[in-house]
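Asks: So here's input_4.cif, just mmCIF, C-alpha atoms:
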data_start
loop_
_atom_site.label_atom_id
_atom_site.label_comp_id
_atom_site.auth_asym_id
_atom_site.auth_seq_id
_atom_site.Cartn_x
_atom_site.Cartn_y
_atom_site.Cartn_z
CA MET H 1 62.47 -9.76 1.73
CA ASN H 2 60.13 -11.66 -0.59
CA ASP H 3 58.05 -12.79 2.38
CA GLN H 4 57.66 -9.18 3.47
CA ILE H 5 56.59 -8.09 0.01
CA SER H 6 54.09 -10.90 -0.37
CA SER H 7 52.54 -10.18 3.04
CA GLN H 8 51.73 -6.57 2.17
CA ARG H 9 48.09 -5.97 1.23
CA PRO H 10 47.36 -4.05 -2.00
CA VAL H 11 46.45 -0.41 -1.43
CA GLY H 12 43.47 1.04 -3.35
CA ALA H 13 43.12 4.50 -4.83
CA PHE H 14 40.93 5.65 -1.91
CA SER H 15 40.88 4.62 1.71
CA PRO H 16 37.66 3.06 3.10
CA ALA H 17 37.01 6.18 5.19
CA VAL H 18 37.12 8.40 2.08
CA VAL H 19 34.80 6.08 0.16
CA ILE H 20 32.30 5.99 3.04
CA GLY H 21 32.48 9.79 3.32
CA LEU H 22 31.82 10.24 -0.41
CA VAL H 23 28.84 7.89 -0.27
CA LEU H 24 27.34 9.69 2.73
CA VAL H 25 27.84 13.11 1.13
CA GLY H 26 26.20 11.85 -2.06
CA ILE H 27 23.20 10.45 -0.19
CA PHE H 28 22.78 13.65 1.82
CA SER H 29 23.06 15.84 -1.29
CA PHE H 30 20.50 13.78 -3.19
CA ALA H 31 18.05 13.81 -0.27
CA ALA H 32 18.49 17.58 0.17
CA PHE H 33 17.88 18.14 -3.55
CA ILE H 34 14.65 16.13 -3.48
CA LEU H 35 13.42 17.87 -0.33
CA LEU H 36 14.23 21.37 -1.58
CA SER H 37 12.61 20.61 -4.94
CA ALA H 38 9.41 19.54 -3.18
CA PHE H 39 9.18 22.63 -0.97
CA GLU H 40 10.81 25.22 -3.23
CA PRO H 41 7.70 27.46 -3.45
CA GLU H 42 7.39 27.59 0.36
CA LEU H 43 11.07 28.48 0.72
CA ALA H 44 10.83 31.46 -1.62
CA SER H 45 10.66 34.72 0.31
CA GLY H 46 8.00 36.28 -1.95
CA SER H 47 9.23 39.76 -1.02
CA ASN H 48 8.81 41.14 -4.54
CA GLY H 49 7.46 44.54 -3.55
CA GLY H 50 3.88 43.67 -4.48
CA ALA H 51 0.72 44.24 -2.52
CA GLN H 52 0.60 40.81 -0.90
CA ALA H 53 1.24 39.18 2.47
CA LEU H 54 4.84 38.12 1.79
CA SER H 55 5.93 41.57 0.66
CA GLN H 56 7.81 43.75 3.15
CA SER H 57 7.40 46.85 1.04
CA ALA H 58 5.23 49.82 2.02
CA VAL H 59 2.24 48.47 0.07
CA GLY H 60 2.73 44.89 1.29
CA TYR H 61 0.97 43.20 4.19
CA ALA H 62 3.87 41.43 5.94
CA GLY H 63 3.60 43.98 8.75
CA LEU H 64 -0.02 43.05 9.43
CA VAL H 65 0.84 39.34 9.39
CA ARG H 66 3.53 39.90 11.98
CA LEU H 67 1.27 42.14 14.09
CA LEU H 68 -1.45 39.49 14.26
CA GLN H 69 1.09 36.76 15.04
CA GLU H 70 2.57 38.82 17.88
CA MET H 71 -0.94 39.17 19.28
CA GLY H 72 -1.34 35.39 19.34
CA ALA H 73 -3.78 35.05 16.45
CA PRO H 74 -3.60 31.80 14.40
CA VAL H 75 -2.25 33.40 11.24
CA HIS H 76 -0.44 31.90 8.27
CA VAL H 77 0.17 32.62 4.60
CA GLY H 78 -1.83 30.35 2.30
CA ARG H 79 -0.05 29.07 -0.81
CA THR H 80 -2.56 26.31 -1.61
CA THR H 81 -6.33 26.41 -1.94
CA GLY H 82 -8.94 24.15 -0.42
CA ASP H 83 -7.16 23.48 2.88
CA LEU H 84 -8.94 23.12 6.23
CA ALA H 85 -7.78 26.52 7.54
CA ARG H 86 -9.51 28.29 4.65
CA ARG H 87 -12.74 26.36 5.05
CA GLU H 88 -12.97 27.25 8.75
CA GLY H 89 -11.47 30.74 8.99
CA LEU H 90 -11.02 34.18 7.50
CA VAL H 91 -9.18 34.54 4.19
CA ILE H 92 -7.68 37.94 3.36
CA ALA H 93 -7.23 38.21 -0.41
CA THR H 94 -5.23 41.01 -2.05
CA PRO H 95 -5.75 40.65 -5.82
CA GLU H 96 -3.54 42.64 -8.19
CA GLN H 97 -5.10 41.40 -11.44
CA PRO H 98 -8.72 41.16 -12.68
CA LEU H 99 -10.57 38.49 -10.71
CA THR H 100 -13.66 36.39 -11.43
CA TRP H 101 -16.22 35.16 -8.94
CA SER H 102 -15.20 31.52 -9.44
CA GLU H 103 -11.54 32.37 -8.81
CA LEU H 104 -12.44 34.21 -5.62
CA GLN H 105 -14.59 31.30 -4.42
CA ALA H 106 -11.72 28.86 -5.03
CA ALA H 107 -9.26 31.02 -3.06
CA GLY H 108 -11.73 32.19 -0.40
CA GLY H 109 -12.80 30.66 2.89
CA ALA H 110 -15.62 30.59 5.40
CA THR H 111 -15.29 34.39 5.42
CA THR H 112 -13.35 36.32 2.78
CA LEU H 113 -12.02 39.85 3.02
CA MET H 114 -10.93 41.24 -0.35
CA VAL H 115 -8.64 44.29 -0.19
CA LEU H 116 -8.62 46.49 -3.27
CA PRO H 117 -5.32 47.93 -4.56
CA LYS H 118 -4.67 51.66 -4.63
CA TRP H 119 -1.11 52.59 -5.59
CA GLN H 120 1.08 52.19 -8.63
CA THR H 121 4.67 51.52 -7.57
CA ALA H 122 8.16 51.05 -8.98
CA PRO H 123 11.04 48.98 -7.53
CA ASP H 124 13.44 50.82 -5.20
CA ARG H 125 16.91 50.46 -6.71
CA ASN H 126 18.63 50.96 -3.36
CA HIS H 127 16.69 48.34 -1.38
CA ARG H 128 15.68 45.01 -2.80
CA GLY H 129 12.03 44.23 -2.09
CA TRP H 130 11.15 47.89 -1.45
CA VAL H 131 9.12 50.10 -3.75
CA ALA H 132 8.76 53.78 -4.51
CA ARG H 133 5.26 55.12 -4.79
CA VAL H 134 4.57 56.59 -8.22
CA GLN H 135 0.92 57.62 -8.23
CA PRO H 136 -2.53 56.32 -7.32
CA ALA H 137 -3.99 53.78 -9.70
CA SER H 138 -6.92 54.90 -11.80
CA PRO H 139 -10.24 54.38 -9.94
CA ASP H 140 -11.71 52.84 -13.09
CA GLU H 141 -8.85 50.33 -13.29
CA VAL H 142 -9.38 49.38 -9.65
CA ALA H 143 -13.12 48.87 -10.25
CA ARG H 144 -12.45 46.71 -13.33
CA LEU H 145 -10.50 44.23 -11.16
CA ILE H 146 -13.75 43.00 -9.59
CA THR H 147 -16.34 43.75 -12.28
CA ASP H 148 -17.34 40.08 -12.41
CA ILE H 149 -17.63 39.95 -8.61
CA ALA H 150 -19.45 43.22 -7.95
CA PRO H 151 -21.05 44.55 -11.16
CA GLY H 152 -21.64 48.30 -11.15
CA LEU H 153 -19.11 49.00 -8.39
CA THR H 154 -17.48 52.44 -8.50
CA VAL H 155 -14.33 53.68 -6.79
CA SER H 156 -13.84 57.24 -5.48
CA ARG H 157 -11.02 59.08 -3.72
CA GLU H 158 -10.81 62.11 -1.52
CA THR H 159 -8.14 64.69 -2.02
CA GLY H 160 -5.31 65.39 0.34
CA VAL H 161 -4.22 63.76 3.57
CA ASP H 162 -6.79 63.23 6.32
CA HIS H 163 -7.36 61.40 9.59
CA PRO H 164 -10.83 59.98 8.80
CA SER H 165 -13.32 58.94 11.40
CA LEU H 166 -14.81 55.55 10.56
CA VAL H 167 -18.34 54.68 11.67
CA ALA H 168 -18.97 51.07 12.77
CA PRO H 169 -22.37 49.29 12.51
CA ASP H 170 -23.20 50.12 16.13
CA LYS H 171 -22.59 53.82 15.35
CA THR H 172 -19.36 53.89 17.34
CA THR H 173 -16.51 55.86 15.82
CA ILE H 174 -13.13 54.39 14.97
CA GLN H 175 -10.50 57.08 14.64
CA ALA H 176 -8.10 56.19 11.86
CA GLY H 177 -4.61 57.58 11.45
CA ARG H 178 -3.02 59.41 8.56
CA ILE H 179 -4.54 58.35 5.21
CA ASP H 180 -3.46 59.86 1.90
CA GLN H 181 -6.42 60.18 -0.51
CA LEU H 182 -8.92 57.93 1.26
CA GLN H 183 -10.45 55.46 -1.20
CA THR H 184 -14.14 54.54 -0.96
CA ILE H 185 -16.53 52.39 -2.95
CA ALA H 186 -20.21 52.43 -3.93
CA GLY H 187 -22.61 50.12 -5.72
CA ASP H 188 -25.95 48.35 -5.52
CA ALA H 189 -24.21 45.04 -4.71
CA LEU H 190 -22.70 46.45 -1.50
CA ALA H 191 -24.10 46.45 2.02
CA PRO H 192 -22.22 49.09 4.09
CA VAL H 193 -20.38 47.83 7.16
CA ILE H 194 -18.01 50.75 7.90
CA THR H 195 -18.31 54.22 6.41
CA ASN H 196 -16.45 57.49 6.82
CA SER H 197 -18.02 60.54 8.42
CA GLY H 198 -19.47 61.53 5.04
CA GLY H 199 -21.29 58.22 4.58
CA GLN H 200 -19.04 56.80 1.86
CA ILE H 201 -18.38 53.06 2.15
CA VAL H 202 -14.96 51.96 3.39
CA LEU H 203 -15.84 48.33 4.22
CA ALA H 204 -18.82 46.58 2.63
CA ARG H 205 -20.42 43.16 2.52
CA LEU H 206 -21.12 41.81 -0.94
CA ARG H 207 -24.61 40.87 -2.12
CA ARG H 208 -25.20 38.55 -5.07
CA ASN H 209 -28.61 37.60 -6.39
CA ARG H 210 -30.15 39.76 -3.64
CA GLN H 211 -28.57 37.62 -0.94
CA GLN H 212 -25.70 38.46 1.37
CA THR H 213 -22.50 36.49 0.86
CA ASN H 214 -19.56 35.77 3.13
CA VAL H 215 -17.37 38.14 1.08
CA TYR H 216 -16.32 41.59 2.37
CA ILE H 217 -14.59 44.30 0.35
CA LEU H 218 -12.19 46.85 1.90
CA ALA H 219 -11.86 49.93 -0.25
CA ASP H 220 -8.60 51.45 1.04
CA PRO H 221 -5.56 49.16 1.50
CA ASP H 222 -3.72 51.82 3.53
CA LEU H 223 -5.78 50.74 6.53
CA LEU H 224 -4.03 47.33 6.47
CA ASN H 225 -0.76 47.58 4.57
CA THR H 226 2.65 48.21 6.14
CA GLN H 227 2.80 51.94 5.46
CA GLY H 228 -0.69 52.33 6.90
CA ILE H 229 -0.29 50.41 10.17
CA ALA H 230 2.96 52.26 10.85
CA ASP H 231 0.49 54.74 12.36
CA ILE H 232 -0.79 53.21 15.61
CA ASN H 233 -4.27 54.59 15.00
CA ASN H 234 -4.46 52.80 11.65
CA ALA H 235 -3.22 49.60 13.31
CA ALA H 236 -6.01 49.87 15.91
CA ALA H 237 -8.56 50.55 13.16
CA ALA H 238 -7.31 47.53 11.17
CA LEU H 239 -7.70 45.24 14.18
CA ALA H 240 -11.15 46.62 14.86
CA MET H 241 -12.31 45.98 11.28
CA ILE H 242 -10.91 42.46 11.26
CA GLY H 243 -12.64 41.85 14.59
CA LEU H 244 -15.99 42.87 13.09
CA ILE H 245 -15.90 40.13 10.46
CA HIS H 246 -13.81 37.61 12.43
CA ASP H 247 -15.32 37.45 15.88
CA GLU H 248 -14.13 33.89 16.62
CA ALA H 249 -10.57 34.24 17.94
CA ARG H 250 -9.82 30.53 17.59
CA GLN H 251 -10.56 30.44 13.86
CA PRO H 252 -7.47 30.82 11.64
CA ILE H 253 -6.67 33.85 9.53
CA VAL H 254 -5.19 33.01 6.13
CA PHE H 255 -3.47 35.61 3.96
CA ASP H 256 -3.93 34.31 0.43
CA VAL H 257 -1.06 34.69 -2.07
CA THR H 258 -2.34 32.31 -4.75
CA LEU H 259 -4.11 35.23 -6.44
CA ASN H 260 -0.73 37.02 -6.52
CA GLY H 261 1.00 34.23 -8.43
CA LEU H 262 2.83 32.83 -5.38
CA GLY H 263 0.80 29.68 -4.87
CA SER H 264 2.19 26.16 -4.99
CA ALA H 265 0.39 23.31 -6.70
CA ARG H 266 -0.11 19.98 -4.96
CA SER H 267 2.35 17.29 -6.02
CA ALA H 268 3.04 13.67 -5.16
CA LEU H 269 6.60 14.60 -4.24
CA ARG H 270 5.44 17.08 -1.58
CA LEU H 271 2.85 14.63 -0.25
CA ALA H 272 5.62 12.10 0.34
CA PHE H 273 7.12 14.46 2.94
CA GLN H 274 3.85 15.37 4.64
CA PRO H 275 1.71 13.38 7.10
CA PRO H 276 0.32 10.77 6.81
CA PHE H 277 2.67 9.68 4.00
CA LEU H 278 5.79 10.90 5.84
CA GLY H 279 5.87 7.70 7.91
CA PHE H 280 5.97 5.53 4.78
CA THR H 281 8.77 7.66 3.31
CA LEU H 282 10.85 7.40 6.49
CA GLY H 283 10.25 3.65 6.69
CA PHE H 284 11.33 3.23 3.07
CA ALA H 285 14.49 5.27 3.72
CA ILE H 286 15.34 3.24 6.85
CA ALA H 287 14.80 -0.04 4.98
CA GLY H 288 17.09 1.14 2.19
CA ALA H 289 19.76 2.16 4.70
CA LEU H 290 19.58 -1.25 6.41
CA LEU H 291 19.87 -3.06 3.09
CA ALA H 292 22.90 -0.96 2.15
CA TRP H 293 24.48 -1.64 5.55
CA ARG H 294 23.85 -5.37 5.22
CA ALA H 295 25.34 -5.43 1.72
CA ALA H 296 28.43 -3.55 2.90
CA LEU H 297 29.07 -5.89 5.86
CA ARG H 298 28.43 -9.32 4.31
CA PHE H 299 31.01 -12.01 5.16
CA GLY H 300 33.56 -13.15 2.58
CA PRO H 301 33.82 -12.70 -1.17
CA ASN H 302 31.17 -13.71 -3.66
CA ALA H 303 30.88 -17.47 -4.20
CA PRO H 304 32.14 -18.52 -7.68
CA THR H 305 29.43 -19.22 -10.20
CA GLN H 306 29.03 -22.92 -10.93
CA ARG H 307 27.35 -24.83 -13.72
CA ALA H 308 23.81 -25.94 -13.06
CA ILE H 309 24.75 -29.41 -14.43
CA ALA H 310 28.38 -30.43 -13.82
CA LEU H 311 30.50 -32.27 -16.43
CA GLY H 312 32.31 -35.68 -16.16
CA LYS H 313 31.71 -39.23 -14.87
CA ALA H 314 31.62 -38.15 -11.24
CA ALA H 315 28.89 -35.61 -11.98
CA LEU H 316 26.92 -38.26 -13.88
CA ALA H 317 27.21 -40.67 -10.96
CA GLU H 318 26.20 -38.00 -8.43
CA ASN H 319 23.21 -36.93 -10.47
CA SER H 320 22.11 -40.55 -10.92
CA ALA H 321 22.48 -41.20 -7.18
CA ALA H 322 20.48 -38.10 -6.37
CA LEU H 323 17.72 -39.18 -8.75
CA ILE H 324 17.60 -42.67 -7.18
CA ARG H 325 17.57 -41.13 -3.69
CA LEU H 326 14.64 -38.89 -4.61
CA SER H 327 12.69 -41.85 -6.03
CA GLY H 328 13.21 -43.85 -2.79
CA ARG H 329 14.62 -47.00 -4.50
CA GLU H 330 18.04 -47.22 -2.90
CA ARG H 331 17.33 -50.62 -1.24
CA ARG H 332 16.60 -52.26 -4.57
CA LEU H 333 20.14 -51.57 -5.77
CA ALA H 334 21.92 -54.17 -3.56
CA PRO H 335 20.63 -57.36 -5.28
CA GLY H 336 21.25 -55.84 -8.66
CA TYR H 337 24.78 -54.89 -7.70
CA ALA H 338 25.40 -58.49 -6.54
CA ARG H 339 24.17 -59.87 -9.89
CA MET H 340 26.35 -57.36 -11.76
CA THR H 341 29.39 -58.42 -9.70
CA ALA H 342 28.70 -62.08 -10.47
CA GLY H 343 28.44 -61.31 -14.17
CA VAL H 344 31.71 -59.35 -14.27
CA ALA H 345 33.54 -62.08 -12.32
CA SER H 346 32.13 -64.83 -14.60
CA ASP H 347 33.30 -62.95 -17.68
CA LYS H 348 36.83 -62.59 -16.27
CA LEU H 349 36.95 -66.27 -15.30
CA GLY H 350 35.70 -67.40 -18.70
CA LEU H 351 32.60 -69.13 -17.36
CA LYS H 352 29.75 -69.91 -19.73
CA ARG H 353 26.51 -68.03 -19.47
CA GLN H 354 24.14 -69.86 -17.12
CA ASP H 355 21.30 -69.07 -14.71
CA GLU H 356 21.85 -67.17 -11.47
CA ALA H 357 21.91 -70.22 -9.18
CA GLN H 358 24.36 -72.13 -11.37
CA ALA H 359 26.64 -69.08 -11.69
CA ALA H 360 26.61 -68.57 -7.89
CA ALA H 361 27.51 -72.24 -7.29
CA ALA H 362 30.36 -72.06 -9.82
CA LEU H 363 31.76 -68.89 -8.24
CA ASP H 364 31.57 -70.48 -4.76
CA ARG H 365 33.51 -73.55 -5.95
CA ILE H 366 36.22 -71.43 -7.57
CA GLY H 367 36.49 -69.26 -4.47
CA ALA H 368 36.80 -72.26 -2.20
CA ALA H 369 39.44 -73.79 -4.47
CA GLN H 370 41.44 -70.53 -4.37
CA GLY H 371 41.19 -70.26 -0.60
CA ILE H 372 38.94 -67.15 -0.51
CA GLY H 373 37.27 -66.93 2.87
CA GLU H 374 33.94 -65.34 1.86
CA SER H 375 31.69 -67.06 -0.66
CA TYR H 376 29.68 -65.18 -3.24
CA SER H 377 26.42 -66.74 -2.12
CA ARG H 378 26.72 -65.40 1.44
CA LEU H 379 27.70 -61.93 0.19
CA ALA H 380 24.76 -61.83 -2.24
CA ALA H 381 22.39 -62.97 0.52
CA ALA H 382 23.71 -60.21 2.84
CA ALA H 383 23.18 -57.64 0.11
CA ALA H 384 19.61 -58.80 -0.48
CA ALA H 385 18.91 -58.67 3.27
CA ALA H 386 20.24 -55.09 3.73
CA LYS H 387 17.62 -52.89 5.46
CA SER H 388 19.45 -49.55 5.64
CA SER H 389 21.72 -47.49 3.48
CA GLN H 390 24.64 -48.25 5.76
CA GLN H 391 24.08 -52.05 5.51
CA MET H 392 23.68 -51.81 1.75
CA LEU H 393 26.92 -49.83 1.45
CA GLU H 394 28.78 -52.37 3.60
CA ALA H 395 27.51 -55.28 1.47
CA ALA H 396 28.54 -53.49 -1.72
CA ARG H 397 32.05 -52.91 -0.39
CA LYS H 398 32.44 -56.62 0.51
CA LEU H 399 31.24 -57.66 -2.96
CA TYR H 400 33.68 -55.26 -4.58
CA ALA H 401 36.56 -56.60 -2.42
CA TRP H 402 35.54 -60.23 -3.25
CA LYS H 403 35.59 -59.43 -6.98
CA LYS H 404 39.09 -57.98 -6.78
CA GLU H 405 40.34 -60.91 -4.65
CA ILE H 406 39.00 -63.62 -6.97
CA ALA H 407 40.39 -61.80 -9.96
CA ARG H 408 43.89 -61.76 -8.41
CA ALA H 409 43.69 -65.43 -7.32
CA THR H 410 42.79 -66.71 -10.78
CA ARG H 411 45.42 -64.86 -12.82
#
Could you write out this file's structure as structure tokens?

Replies:
Amino acid sequence: MNDQISSQRPVGAFSPAVVIGLVLVGIFSFAAFILLSAFEPELASGSNGGAQALSQSAVGYAGLVRLLQEMGAPVHVGRTTGDLARREGLVIATPEQPLTWSELQAAGGATTLMVLPKWQTAPDRNHRGWVARVQPASPDEVARLITDIAPGLTVSRETGVDHPSLVAPDKTTIQAGRIDQLQTIAGDALAPVITNSGGQIVLARLRRNRQQTNVYILADPDLLNTQGIADINNAAAALAMIGLIHDEARQPIVFDVTLNGLGSARSALRLAFQPPFLGFTLGFAIAGALLAWRAALRFGPNAPTQRAIALGKAALAENSAALIRLSGRERRLAPGYARMTAGVASDKLGLKRQDEAQAAAALDRIGAAQGIGESYSRLAAAAAAAKSSQQMLEAARKLYAWKKEIARATR
């Protein structure tokens, strides 16, 4: 019974499988937290009902983004400024707050299309992300949004609902769909690109310091937003206008949301999960996993901690031997050991102190008288002639045995 009890292994609070599972869940949770923290802005839907590219409301531009993507255009929503896509392509900016020229230049691209707002809205209580149209924004308020960009710009609106005919630069007509209160702009800083049948500017190119810029201004957002392109004629007109200022199909189209407060700042944490630094991060993670695996599978328990310098006579002898071995003077010990043996034996036999030759002769005579086969002189000579550690050890053992034998014989 006792043997059975003693053979049972102690059982811990958790089985190894449970412990391994808890560790893996903890590692996965921590990694997921870091990754989600790095890309949290990109994971946000942005469907807040505003007039921006992530909004699926009537005044948003998510419908146009999807339309261009379905047509195969290289389109994406830009949350950071200064990237390669902006520098090479068309940036569509939809500001909702007053904007300066420097802010527009930072968010813009090779070509920039700025769409002015038009409607004041309120959240729809029945559908999250939807809005209810309240009334048109004041034309003066719309003009004040870009006073620093286009000084002297004025905003006008027609009354009622119309299906305006838009005139392109080559005098061709683009038939738009249903537009409620068409919004137009005017100003000395504008070069007309598309006008309505009455000559009012719908799309203009901006001039600064009497020179044309790469910035275009669209007066009426209903030609591009979701409620506008629900009419197929407006969708065709939107594509035609974008084609006028973006004639290179391979260049990207970026819908900017940084001016709408939905941008994401650059951070070292996000860079760690993006090329080219992603390879270093993965390598670091793999190295950590291998170290953890090696630590979990090492053989045997930890070795007990020992003193750097051991205690006792044996430790003293071992340390002295190691020091002599390191100095390379082991062979010089044999003659000295022979002389020490002769001295100890002489003291036990009560011989007077005399020189080495006389002491050796006296010890040989006593040994011969006591019938000891080996003489001290031959043993000392063998010790002095030792050439290796093994020969020296053998000579020392014979001297030690001779000392014990002569001590017993003379009692």

Asks: Report as a list in words the residues that result from applying the PyMOL selection byres ((chain H and resi 94) around 8) to the structure here.

Replies: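 With the PyMOL selection byres ((chain H and resi 94) around 8) on this model, the match is Ala51, Gln52, Ile92, Ala93, Pro95, Glu96, Met114, Val115, Leu116, Pro117, Asp256, Val257, Leu259 and Asn260 of chain H.
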
Asks: Mind telling me what the PyMOL selection byres ((chain H and resi 171-181) around 9) catches here, as JSON, numbers by chain?

Replies: {"H": [136, 157, 158, 159, 160, 161, 162, 163, 164, 165, 166, 167, 168, 169, 170, 182, 183, 197, 222, 223, 228, 229, 231, 232, 233, 234, 235, 236, 237, 238, 240]}

Asks: Give as a list in words the residues that the PyMOL selection byres ((chain H and resi 376) around 7) matches when applied to the coordinates above.

Replies: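 The output of the PyMOL selection byres ((chain H and resi 376) around 7) on this file is Ala360, Leu363, Asp364, Glu374, Ser375, Ser377, Arg378, Leu379 and Ala380 of chain H.
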
Asks: Could you write out that same residue set with C-alpha atoms as a PDB file, in the coordinates of the input?

Replies:
ATOM      1  CA  ALA H 360      26.610 -68.570  -7.890  1.00  0.00           C
ATOM      2  CA  LEU H 363      31.760 -68.890  -8.240  1.00  0.00           C
ATOM      3  CA  ASP H 364      31.570 -70.480  -4.760  1.00  0.00           C
ATOM      4  CA  GLU H 374      33.940 -65.340   1.860  1.00  0.00           C
ATOM      5  CA  SER H 375      31.690 -67.060  -0.660  1.00  0.00           C
ATOM      6  CA  SER H 377      26.420 -66.740  -2.120  1.00  0.00           C
ATOM      7  CA  ARG H 378      26.720 -65.400   1.440  1.00  0.00           C
ATOM      8  CA  LEU H 379      27.700 -61.930   0.190  1.00  0.00           C
ATOM      9  CA  ALA H 380      24.760 -61.830  -2.240  1.00  0.00           C
TER      10      ALA H 380
END

Asks: Please indicate the distance in Å from atom CA of H:Ala321 to atom CA of H:Lys404, rounded to one decimal place.

Replies: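 Spanning atom CA of H:Ala321 to atom CA of H:Lys404 is a straight-line distance of 23.6 Å.
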
Asks: Between atom CA of H:Gly129 and atom CA of H:Gly50, what distance in Å does the model show, to one decimal?

Replies: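 These atoms are spaced 8.5 Å apart.
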
Asks: May I ask which of the residues H:Tyr337, H:Phe280, H:Phe14, H:Phe273 is the closest one to H:Leu35, counting all atoms listed in the file?

Replies: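 With all atoms listed in the file as the atom set, the closest residue is H:Phe273.
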